[in-house]
Amino acid sequence: MSVLIDGSTTFIIQGITGREAVNMTRECKDYGAKVVGGVTPGRKGRDVYGVPVYDTVRQITDQMRVDGAVVSVPPGFAKDAALEAIDAGIKLVVIVTERIPRGEVAEILEFAKLRGSRVIGPNCLGLISPGKSKMGGIGGTAEGTRKAFVAGSIGVMSRSGGMTTEICNTLSAAGLGISTAVSIGGDPIIGSTYAELMPLFEADSQTKAIVVYSEPGGPYEAQLAAYLTHRKSRLPVVAFMAGRFMDEMPGMRFGHAGTIVEGRADTSTEKIRLMQQAGITVAESIESIPSLIQERLSR
Amino acid sequence: MRFYEHEAKTLLGRQGLPLPKSGNAKTPEEAEQIAGQIAGTVVLKSQVLSGGRMKAGGIRFAGSPQEARREAGAILALAINGQRPRSVLVEAKAPVRKEFYAGVIYDALAKRPVLIFSDMGGIDIEQVAEQHPEHVARAHFSVLEPFSDYQAKNVVASLGITGNQLSRLTPILTRLVRLFLQYNLTLAEINPLCELEDGNFLCLDCHLDMEEEARDRHTRLLQELGVGREETRQARPPTPFEIRGAQVDALDNKGVAGHVIEFDGDLGLIIGAGGGSLTLLDAVRKHGGRPANYCEIGGNPSVRKACELTKLILSKPGVEKIAVMMNVVSNTRVDIMARGVIKGVIEAGYQPKDKITFFRIPGSWEDEGARILRKYGVEYGDRSVSMDEAARRAVVNMRGR
Amino acid sequence: MPMFIRVEVDPSVARRADLAKKLVEVCPVDIFAQNADQSLRIVEDNLDECVLCDLCIQACPAGTVKITKLYEQA
Ligand code: SF4
């Protein structure tokens, strides 16, 4: 099993003729993902690495089953693209685009909730179930992805796309491997938070433990801590907190758009305290994560 | 991006929100003139982006234009939390009967905006929420459905407010919500929102933040307000070094090599990407290193950009050496980064092996990158060297090899 | 002065306007340009940006475009 995607997941890429999307299409296809179509308005009839291009999402969903969509269009068009995918009945929408204003993200998410679609991102690299499929640029080329992501038993959720790869590479090298890794996005408001994805990992028999990459700013780590406090999870959670230095520099923007310390509750110190209180093991370095997991699993 | 109070009030005015008579003065003379036009007692308010203006002496009163001129001079000369005031806002002093609070922000958990209202205005809303929760009302609202007066009315009425107050407050809150949505604000706050002796309401102070990501959608407005593209409006203004960093990043549109933030250490950092930079800066400090800067590399920047960034960092006074480190990369290319950094070091007049304490970027084109580094005698760390270990070696190598 | 990459184009190719135009089109980092007489010019300033994609080599007759990695020389 895996979470959200597996070898049979079919998906489309919106904005498929864009520079980044062209690379992503090739990388996903090379990895074995079922990319069944792409959309760029006005480019119907072309193809990108053998993937047919259409003008609208409906032109694809009218002919075949589409499980997911990757939105990789410029920020000014991202809201419309996401709404189009949701309206066409696509249930998993991964938004790669950065710099979408919060109000538009809120619109997308409200509409998604209304129609029962799940959104990952924005500002993320997508997700991967090693050996089965990947949706989005996560891991890069098929070869690079195979190097860093080996199938295994750890579920990974990360606010940083690059650090998703770093952490998974560490877990793979240590022989633990990955069940599913989700780059959840670095924006202040995201479609799927740690706590919202936890039940999916809990229901996945392949997953034995969870690794979380977290940053200062925003309430999502506190939400995860509250979730674990109220409901005993079968999965031990190990978290890494980056950007601890930022506590000394409130109001300054580092890293992702969502990473700005605005109040007392969203400093790294406070988040670490909350997570530890909820039974999460907080790692001091990425390299120490595998041994901390082993320790939690053998308890 | 935070607006100065006078800018924010211009926006409130456009939405039809009630404001005191005012003018923005850049000099004491202008303040005198505005005070003369207003007539009566005026309030002079320092235009800085920092809070705590009252305590710092940035808000003063004047009974005559001459006094306004004197006080404006004093305010303009007074830095608050390290910030020099832009100007002085001169406003008619209003006879206040009661203070309220109205604000709109996004609730990241509900993933919707929320309207917040309190009948205890004039103080920090978080403090009111902690000590007098019964005086704070909240209502989330949809961004798909239209916002209508009744929603604002419900919020106000939920605190037991009725009569003239209810009917006056309702449209003010509605307009605040419209303003928030129209201008892509992330915070819109009127505090205090005042009821005057005559029953009218005025917005006496306000705080508006526009989302960075939305700035280019409001270029006309920002131009009208005189907000420059280069103004970051962060907790502190950018230093010349940081401004030059932004210029390097603007050299071309290939990837990111910028967002430089200055520290006062001796180890220059060329690090990435977003999360990787945060992780590496922590790691360098943990191992006793003194970073000279923060930066973010990502999206496969050009050789030119990496080269210029390297030169910029090496030119910073106090920088002895640099470390080049990133998480496992899939988009950025190791060989392109290696070329850029080595070129930068050489163009700055140094030998790469003397200046680069450690180079750890695993990932795409790593073999090619390693070949380049080998030729110049720079130590390369692949993915078998953890980020933490890379940071440790970078710090150790500061002391010479 | 380029530090890492040298690009050599055979004069028989450099003289031909059609091939010069093709090279300008394929190179993603603008290493090729055309002179007023349509012949090929190499943009020295951009040489180090070469991403080793080989598109220029594929665009011309075999052996007429040569990319040298200067860091691989002794
Ligand atoms: S190899 Fe690619 S980047 Fe280099 S010169 Fe040829 S076309 Fe340009």
# chains A, B, ... in the order shown; residues from 1 in each chain; ligands from 1

$ closest_atom_pairs --of "chain C" --to "ligand 1" --cutoff "6 Å" --atoms "only C-alpha atoms and all ligand atoms" --output "Markdown table"
| residue | atom | partner | partner_atom_place_in_ligand_line | distance |
| --- | --- | --- | --- | --- |
| C:Val26 | CA | ligand 1 | 7 (S) | 5.8 |
| C:Cys27 | CA | ligand 1 | 7 (S) | 3.6 |
| C:Pro28 | CA | ligand 1 | 3 (S) | 5.7 |
| C:Val29 | CA | ligand 1 | 3 (S) | 5.6 |
| C:Ile31 | CA | ligand 1 | 8 (Fe) | 5.6 |
| C:Cys50 | CA | ligand 1 | 3 (S) | 3.8 |
| C:Val51 | CA | ligand 1 | 3 (S) | 4.4 |
| C:Leu52 | CA | ligand 1 | 1 (S) | 3.9 |
| C:Cys53 | CA | ligand 1 | 2 (Fe) | 4.0 |
| C:Asp54 | CA | ligand 1 | 1 (S) | 3.9 |
| C:Leu55 | CA | ligand 1 | 7 (S) | 4.5 |
| C:Cys56 | CA | ligand 1 | 7 (S) | 4.2 |

$ residues_around --residues "segment 14-21 of chain C" --least-positions-apart "6" --cutoff "10 Å" --atoms "only C-alpha atoms" --output "mmCIF file with C-alpha atoms, in the first residue's frame"
data_model
loop_
_atom_site.group_PDB
_atom_site.id
_atom_site.type_symbol
_atom_site.label_atom_id
_atom_site.label_comp_id
_atom_site.auth_asym_id
_atom_site.auth_seq_id
_atom_site.Cartn_x
_atom_site.Cartn_y
_atom_site.Cartn_z
ATOM 1 C CA GLU C 8 34.847 25.656 -31.548
ATOM 2 C CA PHE C 32 25.710 31.811 -30.393
ATOM 3 C CA ALA C 33 24.791 35.014 -32.193
ATOM 4 C CA GLN C 34 24.795 36.186 -35.785
ATOM 5 C CA ASN C 35 26.923 38.941 -37.289
ATOM 6 C CA ASP C 37 26.324 39.319 -42.586
ATOM 7 C CA GLN C 38 24.433 36.390 -40.970
ATOM 8 C CA SER C 39 27.637 34.525 -40.182
ATOM 9 C CA LEU C 40 28.158 32.973 -36.768
ATOM 10 C CA ARG C 41 29.625 34.778 -33.785
ATOM 11 C CA ILE C 42 30.423 33.156 -30.449
ATOM 12 C CA CYS C 56 24.526 22.527 -30.925
ATOM 13 C CA ALA C 59 22.268 20.678 -35.044
ATOM 14 C CA CYS C 60 25.362 20.595 -37.273
ATOM 15 C CA PRO C 61 27.239 18.085 -39.438
ATOM 16 C CA THR C 64 31.939 20.561 -36.954
ATOM 17 C CA VAL C 65 31.050 21.774 -33.449
#

$ select_by_dssp --residues "segment 40-208 of chain A" --states "alpha helix (DSSP H)" --output "NGL selection string"
:A and (58-61 or 75-87 or 102-115 or 142-148 or 161-173 or 194-202)

$ interface_residues --of "chain B" --to "chain A" --cutoff "9 Å" --atoms "only C-alpha atoms" --output "PyMOL selection string"
chain B and resi 106-109+111-113+142-144+181+184-186+211-214+217+234-236+259+261+272-283+285+294-296+326-331+363-364+383-384+386-389

$ atom_distance --atom1 "atom CA of Glu44 of chain C" --atom2 "atom CA of Pro2 of chain C"
6.7 Å

$ interface_residues --of "chain C" --to "chain B" --cutoff "7 Å" --atoms "only C-alpha atoms" --output "PyMOL selection string"
chain C and resi 48-49+71

$ write_last_selection --atoms "N, CA, C and O atoms" --output "PDB file, in the first residue's frame"
ATOM      1  N   ASP C  48      30.791  30.282 -20.304  1.00  0.00           N
ATOM      2  CA  ASP C  48      30.794  29.507 -19.061  1.00  0.00           C
ATOM      3  C   ASP C  48      29.399  29.088 -18.609  1.00  0.00           C
ATOM      4  O   ASP C  48      29.248  28.318 -17.668  1.00  0.00           O
ATOM      5  N   GLU C  49      28.370  29.629 -19.281  1.00  0.00           N
ATOM      6  CA  GLU C  49      27.007  29.226 -18.934  1.00  0.00           C
ATOM      7  C   GLU C  49      26.597  27.918 -19.631  1.00  0.00           C
ATOM      8  O   GLU C  49      25.525  27.383 -19.361  1.00  0.00           O
ATOM      9  N   TYR C  71      38.317  22.346 -17.764  1.00  0.00           N
ATOM     10  CA  TYR C  71      38.742  21.788 -16.473  1.00  0.00           C
ATOM     11  C   TYR C  71      39.164  20.340 -16.575  1.00  0.00           C
ATOM     12  O   TYR C  71      39.590  19.738 -15.588  1.00  0.00           O
TER      13      TYR C  71
END

$ closest_residue --among "B:Gln151, B:Asn24, B:Ser158, B:Gln66" --to "Gly36 of chain B" --atoms "only C-alpha atoms"
B:Gln66

$ residues_around --residues "segment 272-276 of chain A" --least-positions-apart "4" --cutoff "7 Å" --atoms "only C-alpha atoms" --output "ChimeraX atom specification"
/A:222,225,268,280-282

$ select_by_dssp --residues "segment 258-300 of chain B" --states "strand (DSSP E or B)" --output "PyMOL selection string"
chain B and resi 258-262+267-272+291+293-298

$ write_last_selection --atoms "C-alpha atoms" --output "PDB file, in the first residue's frame"
ATOM      1  CA  GLY B 258      19.887  36.169  -3.461  1.00  0.00           C
ATOM      2  CA  HIS B 259      17.742  36.952  -0.447  1.00  0.00           C
ATOM      3  CA  VAL B 260      20.938  37.852   1.327  1.00  0.00           C
ATOM      4  CA  ILE B 261      20.681  38.842   4.966  1.00  0.00           C
ATOM      5  CA  GLU B 262      23.674  40.271   6.715  1.00  0.00           C
ATOM      6  CA  LEU B 267      32.269  32.777   7.450  1.00  0.00           C
ATOM      7  CA  GLY B 268      30.473  33.711   4.238  1.00  0.00           C
ATOM      8  CA  LEU B 269      27.690  31.296   3.359  1.00  0.00           C
ATOM      9  CA  ILE B 270      26.554  30.281  -0.091  1.00  0.00           C
ATOM     10  CA  ILE B 271      23.710  28.005   0.869  1.00  0.00           C
ATOM     11  CA  GLY B 272      20.380  26.694  -0.352  1.00  0.00           C
ATOM     12  CA  PRO B 291      27.994  33.232   9.726  1.00  0.00           C
ATOM     13  CA  ASN B 293      25.303  36.166   5.988  1.00  0.00           C
ATOM     14  CA  TYR B 294      22.229  34.170   5.159  1.00  0.00           C
ATOM     15  CA  CYS B 295      21.285  33.483   1.546  1.00  0.00           C
ATOM     16  CA  GLU B 296      19.154  31.256  -0.631  1.00  0.00           C
ATOM     17  CA  ILE B 297      20.273  29.490  -3.790  1.00  0.00           C
ATOM     18  CA  GLY B 298      17.713  27.564  -5.770  1.00  0.00           C
TER      19      GLY B 298
END

$ closest_residue --among "A:Thr267, A:Tyr54, A:Ser2, A:Met198" --to "Ser153 of chain A" --atoms "only C-alpha atoms"
A:Ser2

$ residues_around --residues "Ala209 of chain A" --least-positions-apart "3" --cutoff "10 Å" --atoms "only C-alpha atoms" --output "list in words"
Ser153, Ile154, Gly155, Val156, Leu176, Ile178, Ser179, Phe201, Glu202, Gln206, Arg234, Leu235, Pro236, Val237, Val238, Ile293, Gln294, Arg296 and Leu297 of chain A

$ write_last_selection --atoms "C-alpha atoms" --output "PDB file, in the first residue's frame"
ATOM      1  CA  SER A 153       8.372   1.935   5.796  1.00  0.00           C
ATOM      2  CA  ILE A 154       8.689   5.619   6.676  1.00  0.00           C
ATOM      3  CA  GLY A 155       6.133   8.281   5.820  1.00  0.00           C
ATOM      4  CA  VAL A 156       7.632  11.734   5.293  1.00  0.00           C
ATOM      5  CA  LEU A 176      14.642   2.316   6.356  1.00  0.00           C
ATOM      6  CA  ILE A 178      10.074   5.515   2.282  1.00  0.00           C
ATOM      7  CA  SER A 179       6.404   4.500   2.066  1.00  0.00           C
ATOM      8  CA  PHE A 201      -0.578   7.307   6.944  1.00  0.00           C
ATOM      9  CA  GLU A 202      -2.198   5.576   9.908  1.00  0.00           C
ATOM     10  CA  GLN A 206       3.275  -0.084   4.799  1.00  0.00           C
ATOM     11  CA  ARG A 234       0.060   3.955  16.207  1.00  0.00           C
ATOM     12  CA  LEU A 235       2.846   5.765  14.393  1.00  0.00           C
ATOM     13  CA  PRO A 236       5.841   7.214  16.239  1.00  0.00           C
ATOM     14  CA  VAL A 237       6.766  10.663  14.925  1.00  0.00           C
ATOM     15  CA  VAL A 238      10.262  12.129  14.660  1.00  0.00           C
ATOM     16  CA  ILE A 293      13.339   6.135  14.466  1.00  0.00           C
ATOM     17  CA  GLN A 294      14.947   2.772  15.215  1.00  0.00           C
ATOM     18  CA  ARG A 296      11.163   4.621  18.738  1.00  0.00           C
ATOM     19  CA  LEU A 297      10.263   1.498  16.772  1.00  0.00           C
TER      20      LEU A 297
END

$ residues_around --residues "segment 187-195 of chain B" --least-positions-apart "5" --cutoff "8 Å" --atoms "only C-alpha atoms" --output "short mmCIF file (atom, residue, chain, number, x, y, z; two decimals) with N, CA, C and O atoms, in the first residue's frame"
data_model
loop_
_atom_site.label_atom_id
_atom_site.label_comp_id
_atom_site.auth_asym_id
_atom_site.auth_seq_id
_atom_site.Cartn_x
_atom_site.Cartn_y
_atom_site.Cartn_z
N VAL B 96 -12.96 61.47 22.17
CA VAL B 96 -13.33 60.06 22.13
C VAL B 96 -14.17 59.65 23.34
O VAL B 96 -13.87 59.99 24.47
N ARG B 97 -15.27 58.92 23.06
CA ARG B 97 -16.10 58.40 24.16
C ARG B 97 -15.73 56.94 24.45
O ARG B 97 -15.60 56.55 25.59
N LYS B 98 -15.59 56.14 23.39
CA LYS B 98 -15.30 54.72 23.62
C LYS B 98 -14.44 54.16 22.48
O LYS B 98 -14.57 54.58 21.34
N GLU B 99 -13.55 53.23 22.83
CA GLU B 99 -12.66 52.64 21.82
C GLU B 99 -13.04 51.19 21.51
O GLU B 99 -13.26 50.39 22.42
N PHE B 100 -13.05 50.86 20.22
CA PHE B 100 -13.31 49.50 19.76
C PHE B 100 -12.11 48.99 18.97
O PHE B 100 -11.18 49.74 18.68
N TYR B 101 -12.18 47.71 18.62
CA TYR B 101 -11.15 47.10 17.76
C TYR B 101 -11.84 46.36 16.63
O TYR B 101 -12.84 45.67 16.84
N ALA B 102 -11.31 46.48 15.41
CA ALA B 102 -11.80 45.66 14.30
C ALA B 102 -10.60 45.18 13.49
O ALA B 102 -9.70 45.97 13.20
N GLY B 103 -10.58 43.93 13.16
CA GLY B 103 -9.45 43.40 12.39
C GLY B 103 -9.85 42.23 11.50
O GLY B 103 -10.86 41.56 11.76
N VAL B 104 -9.08 42.03 10.44
CA VAL B 104 -9.28 40.87 9.57
C VAL B 104 -7.92 40.23 9.31
O VAL B 104 -6.96 40.94 9.00
N ILE B 105 -7.82 38.93 9.49
CA ILE B 105 -6.59 38.19 9.17
C ILE B 105 -6.98 36.84 8.56
O ILE B 105 -8.15 36.49 8.54
N TYR B 106 -5.99 36.12 8.08
CA TYR B 106 -6.26 34.74 7.65
C TYR B 106 -6.03 33.81 8.82
O TYR B 106 -5.07 33.96 9.57
N GLY B 121 -11.05 48.44 22.69
CA GLY B 121 -10.04 48.82 21.72
C GLY B 121 -8.91 49.59 22.37
O GLY B 121 -8.91 49.82 23.58
N GLY B 122 -7.92 49.95 21.56
CA GLY B 122 -6.83 50.78 22.05
C GLY B 122 -5.70 50.00 22.67
O GLY B 122 -4.63 50.53 22.90
N ILE B 123 -5.91 48.72 22.96
CA ILE B 123 -4.81 47.90 23.46
C ILE B 123 -4.60 46.70 22.53
O ILE B 123 -5.41 46.46 21.63
N LEU B 176 -14.13 47.19 5.91
CA LEU B 176 -12.80 46.68 6.26
C LEU B 176 -12.56 45.32 5.58
O LEU B 176 -11.48 45.06 5.05
N LEU B 179 -11.91 45.89 1.91
CA LEU B 179 -10.56 46.43 1.74
C LEU B 179 -9.53 45.29 1.80
O LEU B 179 -8.63 45.18 0.98
N PHE B 180 -9.72 44.44 2.78
CA PHE B 180 -8.83 43.29 3.01
C PHE B 180 -8.77 42.40 1.77
O PHE B 180 -7.69 42.03 1.31
N ASN B 200 -20.57 59.83 16.31
CA ASN B 200 -19.92 59.41 15.07
C ASN B 200 -18.73 58.48 15.38
O ASN B 200 -18.20 58.49 16.49
N PHE B 201 -18.29 57.76 14.34
CA PHE B 201 -17.14 56.87 14.51
C PHE B 201 -15.98 57.33 13.63
O PHE B 201 -16.18 57.87 12.54
N LEU B 202 -14.76 57.13 14.13
CA LEU B 202 -13.56 57.44 13.36
C LEU B 202 -12.53 56.32 13.52
O LEU B 202 -12.41 55.73 14.59
N CYS B 203 -11.76 56.09 12.45
CA CYS B 203 -10.65 55.15 12.53
C CYS B 203 -9.41 55.96 12.95
O CYS B 203 -8.87 56.70 12.15
N LEU B 204 -8.98 55.80 14.20
CA LEU B 204 -7.88 56.64 14.66
C LEU B 204 -6.51 56.08 14.33
O LEU B 204 -5.59 56.79 14.00
N ASP B 205 -6.36 54.77 14.44
CA ASP B 205 -5.08 54.19 14.04
C ASP B 205 -5.37 52.88 13.31
O ASP B 205 -6.41 52.25 13.56
N CYS B 206 -4.46 52.51 12.44
CA CYS B 206 -4.70 51.28 11.70
C CYS B 206 -3.38 50.65 11.28
O CYS B 206 -2.33 51.29 11.32
N HIS B 207 -3.44 49.41 10.92
CA HIS B 207 -2.27 48.64 10.49
C HIS B 207 -2.71 47.76 9.33
O HIS B 207 -3.57 46.89 9.49
N LEU B 208 -2.12 48.00 8.17
CA LEU B 208 -2.43 47.18 7.00
C LEU B 208 -1.14 46.54 6.47
O LEU B 208 -0.13 47.23 6.31
N ASP B 209 -1.18 45.26 6.20
CA ASP B 209 -0.06 44.55 5.56
C ASP B 209 -0.53 43.99 4.23
O ASP B 209 -1.55 43.29 4.18
N MET B 210 0.22 44.28 3.18
CA MET B 210 -0.11 43.67 1.88
C MET B 210 0.81 42.48 1.68
O MET B 210 1.99 42.52 2.02
#

$ atom_distance --atom1 "atom CA of Gln223 of chain B" --atom2 "atom CA of Ser87 of chain B"
17.8 Å

$ decode --residues "segment 265-286 of chain A" --atoms "N, CA and C atoms" --output "compact mmCIF listing (two decimals), in the first residue's frame"
# COMPACT_ATOMS: atom_id res chain seq x y z
N ALA A 265 3.81 32.10 19.74
CA ALA A 265 3.41 30.71 19.53
C ALA A 265 4.07 30.07 18.33
N ASP A 266 4.59 30.86 17.40
CA ASP A 266 5.13 30.22 16.20
C ASP A 266 6.66 30.26 16.13
N THR A 267 7.32 30.51 17.25
CA THR A 267 8.77 30.40 17.27
C THR A 267 9.17 28.93 17.27
N SER A 268 10.42 28.66 16.90
CA SER A 268 10.85 27.26 16.90
C SER A 268 10.88 26.71 18.32
N THR A 269 11.28 27.52 19.27
CA THR A 269 11.35 27.06 20.67
C THR A 269 9.99 26.58 21.15
N GLU A 270 8.96 27.37 20.86
CA GLU A 270 7.62 27.01 21.32
C GLU A 270 7.10 25.77 20.58
N LYS A 271 7.40 25.71 19.29
CA LYS A 271 6.94 24.55 18.53
C LYS A 271 7.61 23.27 19.01
N ILE A 272 8.92 23.37 19.30
CA ILE A 272 9.64 22.19 19.78
C ILE A 272 9.02 21.73 21.10
N ARG A 273 8.74 22.69 21.96
CA ARG A 273 8.14 22.37 23.27
C ARG A 273 6.80 21.65 23.07
N LEU A 274 5.96 22.19 22.21
CA LEU A 274 4.64 21.60 21.98
C LEU A 274 4.76 20.20 21.39
N MET A 275 5.69 20.04 20.45
CA MET A 275 5.82 18.74 19.79
C MET A 275 6.34 17.70 20.78
N GLN A 276 7.33 18.11 21.60
CA GLN A 276 7.87 17.16 22.57
C GLN A 276 6.80 16.75 23.57
N GLN A 277 6.00 17.74 24.00
CA GLN A 277 4.93 17.46 24.94
C GLN A 277 3.95 16.44 24.37
N ALA A 278 3.78 16.47 23.06
CA ALA A 278 2.83 15.57 22.41
C ALA A 278 3.47 14.22 22.09
N GLY A 279 4.70 14.00 22.54
CA GLY A 279 5.34 12.71 22.34
C GLY A 279 6.15 12.60 21.06
N ILE A 280 6.36 13.70 20.38
CA ILE A 280 7.17 13.68 19.16
C ILE A 280 8.64 13.77 19.56
N THR A 281 9.48 12.94 18.95
CA THR A 281 10.92 13.03 19.19
C THR A 281 11.48 14.11 18.27
N VAL A 282 12.15 15.10 18.83
CA VAL A 282 12.69 16.17 18.00
C VAL A 282 14.19 15.93 17.78
N ALA A 283 14.57 15.78 16.51
CA ALA A 283 15.95 15.46 16.16
C ALA A 283 16.80 16.72 16.12
N GLU A 284 18.06 16.60 16.51
CA GLU A 284 18.98 17.74 16.49
C GLU A 284 19.67 17.89 15.14
N SER A 285 19.70 16.81 14.37
CA SER A 285 20.27 16.89 13.02
C SER A 285 19.56 15.89 12.13
N ILE A 286 19.67 16.12 10.82
CA ILE A 286 19.04 15.19 9.86
C ILE A 286 19.67 13.81 9.99
